[in-house]
file run_13.cif (mmCIF, C-alpha atoms)
data_run
loop_
_atom_site.label_atom_id
_atom_site.label_comp_id
_atom_site.auth_asym_id
_atom_site.auth_seq_id
_atom_site.Cartn_x
_atom_site.Cartn_y
_atom_site.Cartn_z
CA MET A 1 312.07 -44.88 112.22
CA ARG A 2 310.15 -45.32 108.99
CA ARG A 3 310.62 -49.11 109.20
CA LEU A 4 309.36 -49.09 112.77
CA ALA A 5 306.24 -47.18 111.72
CA LEU A 6 305.62 -49.61 108.87
CA ALA A 7 306.00 -52.53 111.26
CA CYS A 8 303.46 -50.95 113.63
CA VAL A 9 301.01 -50.45 110.77
CA ALA A 10 301.49 -54.07 109.69
CA LEU A 11 300.95 -55.28 113.26
CA LEU A 12 297.78 -53.21 113.61
CA ALA A 13 296.47 -54.49 110.29
CA ALA A 14 297.18 -58.07 111.35
CA ALA A 15 295.38 -57.48 114.64
CA GLN A 16 292.35 -56.08 112.78
CA ILE A 17 292.28 -59.14 110.50
CA ALA A 18 292.58 -61.44 113.50
CA LEU A 19 289.67 -59.67 115.21
CA ALA A 20 287.53 -59.85 112.10
CA GLU A 21 288.30 -63.53 111.85
CA GLU A 22 287.08 -64.30 115.36
CA PRO A 23 283.95 -66.43 115.05
CA ARG A 24 280.67 -64.62 115.50
CA GLN A 25 278.88 -65.12 118.82
CA ARG A 26 275.74 -67.16 118.22
CA VAL A 27 272.70 -68.48 120.03
CA MET A 28 270.93 -71.41 118.37
CA ASN A 29 273.36 -70.94 115.48
CA ILE A 30 272.12 -67.39 114.82
CA PRO A 31 274.58 -64.50 115.03
CA LEU A 32 274.01 -60.83 115.78
CA ASP A 33 273.55 -58.73 112.60
CA MET A 34 271.79 -61.58 110.78
CA PRO A 35 269.37 -59.88 108.38
CA LEU A 36 265.75 -60.99 108.23
CA ASN A 37 265.90 -61.51 104.47
CA GLU A 38 269.43 -60.88 103.16
CA PRO A 39 272.46 -63.19 103.48
CA LEU A 40 275.30 -62.74 105.99
CA ASP A 41 278.60 -64.56 105.38
CA GLY A 42 276.84 -66.75 102.83
CA GLU A 43 274.06 -67.77 105.22
CA VAL A 44 270.41 -66.74 105.27
CA LEU A 45 268.16 -66.85 108.31
CA GLU A 46 265.62 -69.12 106.68
CA GLY A 47 268.43 -71.50 105.72
CA ILE A 48 269.68 -71.71 109.32
CA TYR A 49 266.17 -72.52 110.49
CA GLN A 50 265.75 -75.19 107.82
CA GLU A 51 269.18 -76.81 107.89
CA LYS A 52 270.41 -76.37 111.46
CA LEU A 53 267.28 -76.01 113.56
CA GLY A 54 264.64 -77.91 111.60
CA ASP A 55 264.90 -81.10 113.69
CA ILE A 56 264.38 -79.35 117.02
CA LEU A 57 262.00 -76.57 115.98
CA ARG A 58 258.45 -76.80 117.29
CA ASP A 59 256.97 -73.59 115.86
CA SER A 60 258.02 -70.15 114.78
CA VAL A 61 256.16 -66.95 113.95
CA LEU A 62 257.06 -63.48 112.66
CA ILE A 63 255.27 -60.81 114.68
CA ASN A 64 255.19 -57.11 113.76
CA ALA A 65 253.85 -55.68 117.04
CA PRO A 66 255.31 -53.57 118.47
CA SER A 67 258.19 -53.99 116.01
CA PRO A 68 259.29 -56.89 113.80
CA HIS A 69 260.56 -59.96 115.67
CA ILE A 70 260.46 -63.73 115.45
CA GLU A 71 259.33 -65.95 118.31
CA SER A 72 260.33 -69.62 118.08
CA ARG A 73 259.92 -72.58 120.36
CA PHE A 74 262.24 -75.58 120.40
CA THR A 75 262.50 -78.94 122.07
CA GLU A 76 263.87 -79.15 125.63
CA ASN A 77 261.84 -76.19 126.84
CA ARG A 78 263.80 -73.64 124.82
CA SER A 79 262.39 -70.47 123.31
CA LEU A 80 264.12 -67.93 121.11
CA GLN A 81 263.28 -64.37 120.24
CA LEU A 82 265.00 -62.48 117.43
CA TRP A 83 264.45 -58.71 117.31
CA PHE A 84 265.25 -56.77 114.16
CA SER A 85 266.61 -53.30 113.59
CA SER A 86 264.98 -50.63 111.44
CA GLU A 87 264.26 -51.06 107.76
CA GLY A 88 266.94 -48.43 107.06
CA ASP A 89 269.46 -50.57 108.97
CA GLY A 90 268.55 -53.66 106.95
CA ARG A 91 266.31 -55.40 109.51
CA ARG A 92 269.27 -57.08 111.22
CA VAL A 93 269.18 -59.05 114.48
CA PHE A 94 270.09 -56.65 117.28
CA TRP A 95 268.86 -58.93 120.03
CA ALA A 96 268.71 -62.71 120.18
CA ARG A 97 267.29 -64.08 123.41
CA LEU A 98 267.37 -67.76 124.25
CA THR A 99 265.41 -68.80 127.33
CA GLN A 100 265.55 -72.28 128.74
CA GLY A 101 263.75 -73.70 131.75
CA PHE A 102 265.22 -76.60 133.71
CA GLU A 103 262.31 -77.52 135.97
CA GLY A 104 262.50 -81.15 137.01
CA LYS A 105 266.05 -81.49 135.71
CA ASP A 106 269.19 -81.83 137.76
CA MET A 107 271.38 -79.20 136.11
CA LYS A 108 273.95 -77.75 138.51
CA PRO A 109 274.89 -74.04 138.28
CA GLU A 110 278.59 -74.95 137.89
CA ASP A 111 277.75 -76.97 134.78
CA ALA A 112 275.66 -74.15 133.26
CA LEU A 113 278.45 -71.64 133.98
CA ALA A 114 280.99 -74.02 132.43
CA ASN A 115 278.76 -74.28 129.36
CA PHE A 116 278.85 -70.50 129.02
CA ASP A 117 282.66 -70.50 129.24
CA ALA A 118 282.88 -73.26 126.65
CA THR A 119 280.55 -71.43 124.26
CA PHE A 120 281.57 -67.79 124.67
CA GLY A 121 284.88 -67.89 126.54
CA LYS A 122 285.84 -66.49 129.92
CA PRO A 123 283.39 -63.73 130.94
CA ASP A 124 284.55 -60.11 130.95
CA ARG A 125 282.35 -59.23 133.93
CA ILE A 126 280.50 -61.31 136.52
CA ALA A 127 277.90 -60.33 139.11
CA GLU A 128 276.78 -62.95 141.60
CA LEU A 129 274.28 -63.15 144.42
CA ALA A 130 274.42 -66.24 146.58
CA GLY A 131 271.46 -66.78 148.87
CA GLU A 132 270.28 -69.59 151.11
CA TYR A 133 267.52 -70.64 148.69
CA GLY A 134 268.20 -68.78 145.48
CA SER A 135 271.45 -67.86 143.73
CA PHE A 136 271.82 -65.67 140.65
CA TRP A 137 274.59 -64.93 138.20
CA ILE A 138 275.02 -62.34 135.46
CA LEU A 139 277.88 -62.98 133.04
CA LEU A 140 278.96 -60.54 130.36
CA LYS A 141 281.17 -61.37 127.40
CA LEU A 142 281.84 -58.69 124.85
CA ASP A 143 281.77 -59.55 121.16
CA PRO A 144 285.35 -60.74 120.43
CA ARG A 145 285.10 -59.20 116.94
CA LEU A 146 284.85 -55.68 118.37
CA PRO A 147 287.74 -53.38 117.45
CA GLU A 148 290.13 -53.06 120.38
CA ALA A 149 289.39 -49.37 120.91
CA ARG A 150 285.64 -49.89 121.18
CA ARG A 151 286.15 -52.91 123.41
CA ALA A 152 288.35 -50.88 125.75
CA THR A 153 285.79 -48.06 125.83
CA ILE A 154 282.93 -50.40 126.71
CA LEU A 155 284.96 -52.14 129.41
CA LYS A 156 285.80 -48.77 130.91
CA GLN A 157 282.13 -47.75 130.80
CA LEU A 158 281.16 -51.03 132.46
CA ASP A 159 283.51 -50.25 135.35
CA ALA A 160 281.27 -47.28 136.12
CA SER A 161 277.85 -48.69 135.20
CA PHE A 162 277.87 -52.41 135.91
CA ASN A 163 277.62 -52.42 139.67
CA PRO A 164 274.26 -54.08 140.22
CA THR A 165 272.71 -54.14 143.68
CA PRO A 166 271.63 -57.52 145.11
CA SER A 167 268.01 -56.89 144.09
CA GLN A 168 269.11 -55.83 140.58
CA ILE A 169 270.97 -59.14 140.24
CA ALA A 170 268.05 -61.22 141.53
CA ASP A 171 265.52 -59.36 139.33
CA PHE A 172 267.76 -59.12 136.27
CA GLY A 173 265.58 -61.60 134.39
CA LEU A 174 262.59 -59.26 134.82
CA THR A 175 264.29 -56.05 133.68
CA ASP A 176 263.51 -54.50 130.32
CA LEU A 177 265.98 -53.34 127.72
CA ARG A 178 266.01 -49.71 128.86
CA THR A 179 266.97 -50.71 132.40
CA ARG A 180 269.61 -53.07 131.01
CA ALA A 181 271.02 -50.29 128.85
CA ARG A 182 271.66 -48.32 132.05
CA LEU A 183 273.60 -51.22 133.57
CA LEU A 184 275.40 -52.37 130.43
CA THR A 185 275.66 -48.93 128.75
CA PRO A 186 274.01 -47.93 125.46
CA ASP A 187 277.20 -49.00 123.60
CA TYR A 188 277.27 -52.62 124.77
CA ARG A 189 277.61 -55.40 122.23
CA GLY A 190 278.05 -59.00 123.23
CA ALA A 191 276.60 -61.89 125.23
CA VAL A 192 274.64 -61.47 128.45
CA PHE A 193 273.94 -64.58 130.49
CA PHE A 194 271.55 -64.75 133.43
CA LEU A 195 271.24 -67.85 135.56
CA ALA A 196 268.78 -68.40 138.41
CA ALA A 197 269.35 -71.41 140.66
CA PHE A 198 267.26 -72.65 143.55
CA LYS A 199 268.50 -75.07 146.19
CA GLY A 200 271.55 -75.86 144.12
CA LYS A 201 269.69 -76.59 140.88
CA VAL A 202 269.37 -74.37 137.83
CA GLY A 203 265.83 -73.04 137.47
CA SER A 204 266.20 -71.09 134.24
CA VAL A 205 268.85 -69.65 131.98
CA GLN A 206 268.59 -66.61 129.74
CA THR A 207 271.26 -66.10 127.08
CA ASP A 208 271.14 -62.82 125.17
CA LEU A 209 273.20 -61.52 122.32
CA ILE A 210 272.62 -57.80 122.20
CA ASP A 211 273.87 -54.83 120.23
CA MET A 212 272.60 -51.78 122.10
CA VAL A 213 273.70 -49.42 119.33
CA ARG A 214 271.72 -51.29 116.69
CA ALA A 215 268.78 -51.56 119.14
CA GLN A 216 268.57 -47.80 119.08
CA THR A 217 267.56 -47.83 115.42
CA VAL A 218 264.12 -48.95 116.62
CA LEU A 219 263.97 -48.27 120.35
CA ASN A 220 264.65 -45.35 122.62
CA LEU A 221 266.91 -46.85 125.27
CA THR A 222 268.11 -43.60 126.74
CA ALA A 223 264.73 -42.06 127.66
CA PRO A 224 264.96 -40.68 131.21
CA MET B 1 218.25 -17.69 146.63
CA TRP B 2 217.91 -21.33 147.73
CA GLN B 3 216.31 -22.17 144.38
CA ALA B 4 219.26 -20.61 142.52
CA LEU B 5 221.75 -22.54 144.65
CA ALA B 6 219.85 -25.80 144.10
CA LEU B 7 219.84 -25.12 140.35
CA ILE B 8 223.62 -24.51 140.34
CA GLY B 9 224.12 -27.69 142.40
CA LEU B 10 222.06 -29.68 139.91
CA MET B 11 224.02 -28.24 136.96
CA VAL B 12 227.35 -29.08 138.63
CA ALA B 13 226.15 -32.61 139.39
CA LEU B 14 225.05 -33.10 135.79
CA SER B 15 228.32 -31.80 134.35
CA VAL B 16 230.35 -33.99 136.75
CA ARG B 17 228.28 -36.98 135.65
CA ALA B 18 228.79 -36.09 131.98
CA PHE B 19 232.55 -35.79 132.58
CA ALA B 20 232.61 -39.13 134.41
CA ASP B 21 230.70 -40.74 131.53
CA GLU B 22 233.18 -39.31 129.07
CA GLN B 23 236.07 -40.58 131.16
CA SER B 24 234.51 -44.03 131.49
CA GLY B 25 234.88 -44.31 127.72
CA GLN B 26 238.63 -44.03 128.25
CA GLN B 27 238.95 -47.38 129.95
CA ILE B 28 239.34 -50.98 128.87
CA LEU B 29 238.07 -53.60 131.30
CA GLY B 30 238.42 -51.07 134.11
CA LEU B 31 242.01 -50.07 133.24
CA SER B 32 243.07 -46.53 132.29
CA LEU B 33 246.19 -44.96 130.83
CA GLY B 34 248.63 -43.76 133.46
CA GLN B 35 247.38 -46.29 136.00
CA SER B 36 250.05 -48.31 137.83
CA ALA B 37 250.76 -51.72 136.39
CA ALA B 38 251.01 -54.68 138.71
CA ASP B 39 254.44 -55.53 140.09
CA PRO B 40 255.70 -58.53 138.06
CA SER B 41 257.16 -60.07 141.21
CA ALA B 42 253.82 -59.90 143.07
CA LEU B 43 251.07 -61.42 140.95
CA GLY B 44 249.62 -63.67 143.63
CA ASP B 45 246.19 -61.99 143.69
CA PRO B 46 244.96 -61.33 140.11
CA ALA B 47 242.01 -59.23 141.36
CA ALA B 48 244.37 -56.92 143.23
CA ALA B 49 246.85 -56.92 140.33
CA PHE B 50 244.49 -56.31 137.41
CA GLY B 51 241.05 -55.55 138.83
CA PRO B 52 237.96 -57.74 139.26
CA ALA B 53 236.65 -57.32 135.68
CA ILE B 54 239.80 -58.96 134.34
CA ALA B 55 240.52 -61.37 137.19
CA LYS B 56 237.23 -63.25 136.80
CA ASP B 57 237.97 -64.10 133.16
CA ILE B 58 241.71 -64.85 133.24
CA LYS B 59 242.92 -68.00 131.54
CA SER B 60 246.65 -67.23 131.70
CA ILE B 61 249.04 -64.37 132.48
CA ALA B 62 252.52 -63.97 131.01
CA PHE B 63 254.96 -61.22 131.86
CA ALA B 64 257.55 -60.31 129.25
CA ASN B 65 260.19 -57.64 128.98
CA GLU B 66 260.88 -57.86 125.27
CA PRO B 67 261.46 -55.18 124.20
CA MET B 68 259.74 -53.31 127.06
CA SER B 69 257.75 -54.55 130.05
CA ASN B 70 254.31 -55.92 129.22
CA TYR B 71 251.68 -58.39 130.33
CA ARG B 72 249.90 -60.70 127.95
CA ILE B 73 246.68 -61.92 129.51
CA GLU B 74 244.53 -64.55 127.83
CA LEU B 75 240.87 -64.09 128.73
CA THR B 76 237.75 -66.14 128.17
CA ASP B 77 235.67 -65.58 125.01
CA SER B 78 238.64 -65.45 122.60
CA ARG B 79 240.06 -62.24 124.09
CA THR B 80 243.69 -61.27 124.58
CA LEU B 81 244.72 -58.27 126.66
CA ARG B 82 248.15 -56.69 126.35
CA LEU B 83 249.33 -54.10 128.88
CA TRP B 84 252.50 -52.13 128.16
CA PHE B 85 254.05 -50.13 130.96
CA ASP B 86 257.13 -48.14 131.83
CA ALA B 87 258.88 -50.34 134.38
CA ALA B 88 261.67 -47.81 134.91
CA ALA B 89 259.29 -44.98 135.87
CA LYS B 90 257.86 -44.40 139.33
CA GLY B 91 254.57 -46.27 139.73
CA ARG B 92 255.04 -48.33 136.54
CA PRO B 93 252.48 -46.29 134.54
CA ILE B 94 250.55 -48.07 131.79
CA PHE B 95 250.86 -46.32 128.42
CA TRP B 96 249.23 -48.81 126.04
CA ILE B 97 246.31 -51.18 126.57
CA ALA B 98 245.27 -53.44 123.70
CA LEU B 99 242.34 -55.84 123.75
CA THR B 100 241.73 -58.12 120.79
CA GLN B 101 238.46 -59.96 120.51
CA GLY B 102 237.79 -62.82 118.14
CA TYR B 103 234.35 -64.23 117.41
CA ASP B 104 232.66 -67.48 116.66
CA PRO B 105 232.97 -68.51 119.36
CA PRO B 106 231.52 -66.49 120.96
CA PRO B 107 228.84 -65.41 118.46
CA VAL B 108 228.81 -61.72 117.56
CA PRO B 109 226.06 -59.93 119.52
CA ALA B 110 223.43 -58.49 117.16
CA ASP B 111 223.91 -54.99 118.58
CA GLN B 112 227.72 -55.18 118.76
CA TYR B 113 228.33 -52.01 116.76
CA ASP B 114 226.01 -50.00 119.07
CA ARG B 115 227.78 -51.51 122.08
CA ILE B 116 231.15 -50.40 120.75
CA VAL B 117 229.95 -46.85 120.12
CA ARG B 118 228.32 -46.71 123.55
CA ASP B 119 231.52 -48.01 125.17
CA LEU B 120 233.48 -45.23 123.46
CA GLY B 121 231.26 -42.67 125.16
CA ASN B 122 228.99 -42.05 122.13
CA ALA B 123 230.07 -38.76 120.44
CA LEU B 124 232.94 -40.18 118.35
CA ASP B 125 235.71 -37.98 117.01
CA TYR B 126 236.18 -40.14 113.91
CA HIS B 127 234.34 -42.91 112.14
CA ILE B 128 236.61 -43.92 109.28
CA ALA B 129 235.38 -46.63 106.94
CA GLY B 130 237.89 -49.05 105.45
CA PRO B 131 238.01 -49.34 101.67
CA THR B 132 235.53 -51.71 100.04
CA GLY B 133 236.57 -55.33 100.54
CA ALA B 134 239.35 -54.49 103.01
CA PRO B 135 239.71 -56.44 106.27
CA LEU B 136 239.21 -53.21 108.24
CA GLY B 137 235.51 -52.40 108.17
CA ALA B 138 235.75 -49.27 110.29
CA LEU B 139 238.03 -47.42 112.64
CA LEU B 140 236.26 -45.57 115.44
CA ILE B 141 238.32 -43.03 117.34
CA LYS B 142 237.63 -41.15 120.55
CA ILE B 143 240.34 -38.69 121.55
CA ASP B 144 240.81 -38.44 125.33
CA PRO B 145 238.33 -35.70 126.31
CA ALA B 146 240.66 -34.63 129.12
CA LEU B 147 243.43 -33.61 126.69
CA PRO B 148 244.31 -29.92 126.66
CA ASN B 149 242.83 -28.10 123.65
CA LYS B 150 246.22 -27.50 122.03
CA ARG B 151 247.21 -31.17 122.03
CA ARG B 152 243.71 -32.18 120.99
CA ALA B 153 243.93 -29.82 118.03
CA ALA B 154 247.30 -31.31 117.07
CA VAL B 155 245.81 -34.82 117.13
CA ARG B 156 242.89 -33.73 114.96
CA ARG B 157 245.18 -31.94 112.50
CA HIS B 158 247.27 -35.07 112.05
CA ILE B 159 244.36 -37.48 111.57
CA ASP B 160 242.54 -35.01 109.29
CA GLU B 161 245.64 -34.85 107.10
CA VAL B 162 246.01 -38.65 106.95
CA VAL B 163 242.33 -39.01 106.00
CA ALA B 164 242.54 -36.20 103.43
CA ASN B 165 245.53 -37.88 101.77
CA ARG B 166 243.87 -41.27 101.34
CA PRO B 167 244.12 -42.51 97.76
CA ASN B 168 240.92 -42.19 95.74
CA GLU B 169 241.35 -45.29 93.60
CA LEU B 170 239.16 -48.23 94.57
CA GLY B 171 241.14 -51.02 96.22
CA ALA B 172 244.37 -49.00 96.58
CA GLN B 173 246.75 -51.03 98.76
CA ASP B 174 248.54 -47.94 100.05
CA ASP B 175 245.36 -46.79 101.79
CA PRO B 176 246.39 -46.67 105.48
CA PHE B 177 242.93 -47.93 106.41
CA VAL B 178 243.07 -51.26 104.55
CA GLU B 179 244.31 -52.79 107.80
CA LEU B 180 245.65 -51.16 110.94
CA PRO B 181 249.40 -51.86 110.98
CA ASP B 182 250.73 -53.92 113.91
CA ASP B 183 254.10 -52.20 113.77
CA ILE B 184 253.93 -49.36 116.31
CA GLU B 185 255.96 -47.01 114.11
CA ARG B 186 253.50 -47.35 111.20
CA ARG B 187 250.53 -47.30 113.59
CA LEU B 188 251.61 -43.93 114.93
CA GLU B 189 252.02 -42.62 111.40
CA THR B 190 248.22 -42.91 111.25
CA LEU B 191 247.35 -41.65 114.72
CA GLY B 192 250.19 -39.17 115.20
CA ASP B 193 252.72 -38.83 118.01
CA ALA B 194 250.41 -36.52 119.99
CA PHE B 195 247.50 -38.97 120.09
CA ARG B 196 246.07 -40.03 123.39
CA GLY B 197 242.74 -41.77 123.48
CA LYS B 198 240.86 -44.85 122.50
CA PHE B 199 240.06 -46.48 119.21
CA VAL B 200 238.30 -49.59 118.02
CA ALA B 201 239.25 -51.27 114.77
CA ILE B 202 236.34 -53.37 113.55
CA TYR B 203 237.34 -56.20 111.22
CA THR B 204 234.72 -57.63 108.92
CA ILE B 205 234.21 -60.53 106.55
CA SER B 206 231.31 -60.35 104.10
CA GLY B 207 229.84 -57.41 105.96
CA GLN B 208 229.84 -59.23 109.31
CA ILE B 209 232.00 -58.33 112.32
CA ASP B 210 234.81 -60.89 112.51
CA GLY B 211 236.90 -59.36 115.28
CA THR B 212 237.74 -56.14 117.05
CA MET B 213 240.90 -54.50 118.30
CA THR B 214 240.26 -52.00 121.09
CA GLU B 215 243.17 -49.90 122.24
CA LEU B 216 243.97 -47.09 124.60
CA ILE B 217 247.30 -45.50 123.87
CA ASP B 218 249.29 -42.47 124.86
CA ALA B 219 251.31 -42.12 121.68
CA ALA B 220 253.60 -39.48 123.15
CA VAL B 221 254.79 -41.92 125.84
CA ALA B 222 254.74 -44.97 123.54
CA SER B 223 256.80 -43.27 120.88
CA GLY B 224 259.23 -42.01 123.53
CA LEU B 225 259.88 -45.57 124.70
CA LEU B 226 259.19 -47.90 121.81
CA LEU B 227 260.52 -45.80 118.95
CA ARG B 228 264.00 -44.51 118.32
CA PRO B 229 264.51 -40.88 119.32
CA ARG B 230 263.17 -38.55 116.61
CA LYS B 231 265.49 -35.86 115.31
#
call {"tool": "encode", "arguments": {"input": "run_13.cif", "output": "C-alpha cells"}}
result
Amino acid sequence: MRRLALACVALLAAAQIALAEEPRQRVMNIPLDMPLNEPLDGEVLEGIYQEKLGDILRDSVLINAPSPHIESRFTENRSLQLWFSSEGDGRRVFWARLTQGFEGKDMKPEDALANFDATFGKPDRIAELAGEYGSFWILLKLDPRLPEARRATILKQLDASFNPTPSQIADFGLTDLRTRARLLTPDYRGAVFFLAAFKGKVGSVQTDLIDMVRAQTVLNLTAP
Amino acid sequence: MWQALALIGLMVALSVRAFADEQSGQQILGLSLGQSAADPSALGDPAAAFGPAIAKDIKSIAFANEPMSNYRIELTDSRTLRLWFDAAAKGRPIFWIALTQGYDPPPVPADQYDRIVRDLGNALDYHIAGPTGAPLGALLIKIDPALPNKRRAAVRRHIDEVVANRPNELGAQDDPFVELPDDIERRLETLGDAFRGKFVAIYTISGQIDGTMTELIDAAVASGLLLRPRK
C-alpha cells in the first residue's frame, strides 16, 4: 500500500515536471508573464525585440494611458499589443495581441487554421460560423503548462460559458475584454484565435495570448 | 397678478438658461458623458455617429477594444479625440472623452486661456498652477454642476486634500501637478474616484501654451471598468 502511494506521488511529480517543461505559448516570440523590465527564463523583453524581432520591426512605443502597454508594428501588416499587469504583480504581460491583415493576399482559411494547429496544437474549443460571404472561426487553446486541475476546471467552465451565438462569433473581433471574460470565463489562460474570411479568403487574423486572472490586477473584468 | 406671473416666468427662463450654460461647459465637441457611443459596426455616416462638430474635421477614425472599447479620432488642427465607452452596457454609454490639442501648427490664439475658461462655463472649481518650470502650466477643473451635493462635496474633499498635501520644496518631482499622469490609476489618485466633470490641463513652454488636454470623465464608471476592483 505504502509503495503504491509512493508510486502515485512519483507519477504526480513527474507529471508536474512534464507540464512545467511544456514550452510557453508565444506570439512574435513573446510569452505570457514576460515582465516589462525583469528577465523570464533568462530572456528580457528588450532582448527579444532586439535579437528576434529587430529585422521585422517598424516601430514600437510604450504608452501609459489608460494603463501601461506597448504597441508595435511589424512588416507584413502585423501589429502587436502587449498589456502589462499591475506594478505589484511585476508588470508582466497578461495579454499579447497579434493582429494581421491579409487584404490583397490569397490566404485560405484552411491554411490559417493549420498554422494555428502547427503553432499551438489542436484547439480545445472551436466555434464556427459559415456564411455565404463571410465565415468566422474562434479557436481556443489552453496554456499547456497549466496544472491539470486548473485546466480541467477551466474546460468545465467553458462547457457552460463558451456557447457563442452566431452574431457573437461574427463580432468577436469587436468585443472588449470584459465581454470576452464572460465567454471565456475570468479564469481563462491560453491562446484565443479569431479568423474572419470573406469569399474564401482570409481577411484578418487576431491571435491573443491572455491570462484573465492576471488581467484582473489592473482591470475589472467582472463588473456587471 | 399678471406682472407677478411674468416676473416668475422671466426668472424661470433665466435660471433655465443659466443651467443650460453650465451644462454646455460639460461637453467636448458636442459630446457629453453618458451619451450613447456610435455602434462600431455602423460607422457609415460620421455626422450621425459622432455629431456634425466632429464629422466636419475628421481625418481618420479607429475603433479599438484594447483593453475596453474606444474610438480614436484624428481631427484637423493637430487634435486627437478619444472616446471610451461601456460596450457591454445598454446604449453603450460614454464615460471618458479626451481631446488633446497640439499647437504650431495651428498657432495659439492670443486669447486661448480666456477661451478655455469660457468653454468651462466660467466659474471654475479649481485653478491649480503647476510648479515653476514644470510642463503643466495649469490645471483647470469644473466639477459637473449637476452632481448631487453629497458627491460634489466628496470630490472637493479629495482634491482639497491632494492640493493641501503638495510638497513645498521648489521643483519637487513628487508634486502630482508636475505633469498629469497618463495612467488612469494615477490620474484618479489626483481627481478621486467620485469625480465627474471636466478639466483642462494646459501645457506650457517658456510661459507660452504648447498644448492642452481637455477631458470629461466619470471617474466612478471609469474606475469600475478600467481599474481592478477595490477592496
call {"tool": "interface_residues", "arguments": {"input": "run_13.cif", "of": "chain B", "to": "chain A", "cutoff": "10 Å", "atoms": "only C-alpha atoms", "output": "number ranges by chain"}}
result
B: 40-41, 63-70, 86-89, 181-187, 222-230
call {"tool": "atom_distance", "arguments": {"input": "run_13.cif", "atom1": "atom CA of Pro46 of chain B", "atom2": "atom CA of Ala196 of chain A"}}
result
24.9 Å
call {"tool": "residues_around", "arguments": {"input": "run_13.cif", "residues": "Leu75 of chain B", "least_positions_apart": "4", "cutoff": "8 Å", "atoms": "all atoms listed in the file", "output": "PyMOL selection string"}}
result
chain B and resi 54+57-60+79-81
call {"tool": "atom_distance", "arguments": {"input": "run_13.cif", "atom1": "atom CA of Leu98 of chain A", "atom2": "atom CA of Arg73 of chain A"}}
result
9.7 Å
call {"tool": "residues_around", "arguments": {"input": "run_13.cif", "residues": "segment 194-198 of chain B", "least_positions_apart": "5", "cutoff": "6 Å", "atoms": "all atoms listed in the file", "output": "short mmCIF file (atom, residue, chain, number, x, y, z; two decimals) with C-alpha atoms, keeping the file's coordinate frame"}}
result
data_model
loop_
_atom_site.label_atom_id
_atom_site.label_comp_id
_atom_site.auth_asym_id
_atom_site.auth_seq_id
_atom_site.Cartn_x
_atom_site.Cartn_y
_atom_site.Cartn_z
CA LYS B 142 237.63 -41.15 120.55
CA ILE B 143 240.34 -38.69 121.55
CA ASP B 144 240.81 -38.44 125.33
CA VAL B 155 245.81 -34.82 117.13
CA GLU B 215 243.17 -49.90 122.24
CA LEU B 216 243.97 -47.09 124.60
CA ILE B 217 247.30 -45.50 123.87
CA ASP B 218 249.29 -42.47 124.86
CA ALA B 219 251.31 -42.12 121.68
CA ALA B 220 253.60 -39.48 123.15
#
call {"tool": "atom_distance", "arguments": {"input": "run_13.cif", "atom1": "atom CA of Thr100 of chain B", "atom2": "atom CA of Gly211 of chain B"}}
result
7.4 Å
call {"tool": "resolve_selection", "arguments": {"input": "run_13.cif", "expression": "the PyMOL selection byres ((chain B and resi 30) around 10)", "output": "JSON, numbers by chain"}}
result
{"B": [24, 25, 26, 27, 28, 29, 31, 32, 50, 51, 52, 53, 54]}
call {"tool": "axis_aligned_box", "arguments": {"input": "run_13.cif", "around": "segment 147-163 of chain B", "padding_each_side": "3 Å", "output": "AutoDock Vina command-line options"}}
result
--center_x 244.8 --center_y -33.3 --center_z 116.3 --size_x 11.0 --size_y 17.5 --size_z 26.7
call {"tool": "residues_around", "arguments": {"input": "run_13.cif", "residues": "Ile61 of chain B", "least_positions_apart": "2", "cutoff": "7 Å", "atoms": "all atoms listed in the file", "output": "MDAnalysis selection string"}}
result
chainID B and resid 63 71:74
call {"tool": "decode", "arguments": {"input": "run_13.cif", "residues": "segment 115-125 of chain B", "atoms": "N, CA and C atoms", "output": "short mmCIF file (atom, residue, chain, number, x, y, z; two decimals), in the first residue's frame"}}
result
data_model
loop_
_atom_site.label_atom_id
_atom_site.label_comp_id
_atom_site.auth_asym_id
_atom_site.auth_seq_id
_atom_site.Cartn_x
_atom_site.Cartn_y
_atom_site.Cartn_z
N ARG B 115 -10.55 81.68 -23.69
CA ARG B 115 -11.45 80.75 -24.40
C ARG B 115 -11.66 79.48 -23.57
N ILE B 116 -10.56 78.98 -23.00
CA ILE B 116 -10.66 77.75 -22.22
C ILE B 116 -11.57 77.95 -21.02
N VAL B 117 -11.36 79.07 -20.32
CA VAL B 117 -12.18 79.35 -19.13
C VAL B 117 -13.64 79.51 -19.52
N ARG B 118 -13.87 80.21 -20.62
CA ARG B 118 -15.25 80.42 -21.09
C ARG B 118 -15.89 79.09 -21.44
N ASP B 119 -15.12 78.23 -22.10
CA ASP B 119 -15.62 76.91 -22.51
C ASP B 119 -15.97 76.04 -21.29
N LEU B 120 -15.27 76.28 -20.19
CA LEU B 120 -15.55 75.51 -18.98
C LEU B 120 -16.78 76.05 -18.23
N GLY B 121 -17.37 77.12 -18.75
CA GLY B 121 -18.56 77.66 -18.10
C GLY B 121 -18.19 78.72 -17.07
N ASN B 122 -17.05 79.37 -17.26
CA ASN B 122 -16.55 80.42 -16.35
C ASN B 122 -16.32 79.89 -14.94
N ALA B 123 -17.12 80.26 -13.96
CA ALA B 123 -16.85 79.92 -12.55
C ALA B 123 -16.17 78.56 -12.35
N LEU B 124 -14.84 78.55 -12.31
CA LEU B 124 -14.10 77.30 -12.15
C LEU B 124 -14.16 76.82 -10.71
N ASP B 125 -14.05 75.51 -10.54
CA ASP B 125 -13.95 74.98 -9.17
C ASP B 125 -12.50 75.02 -8.70
#
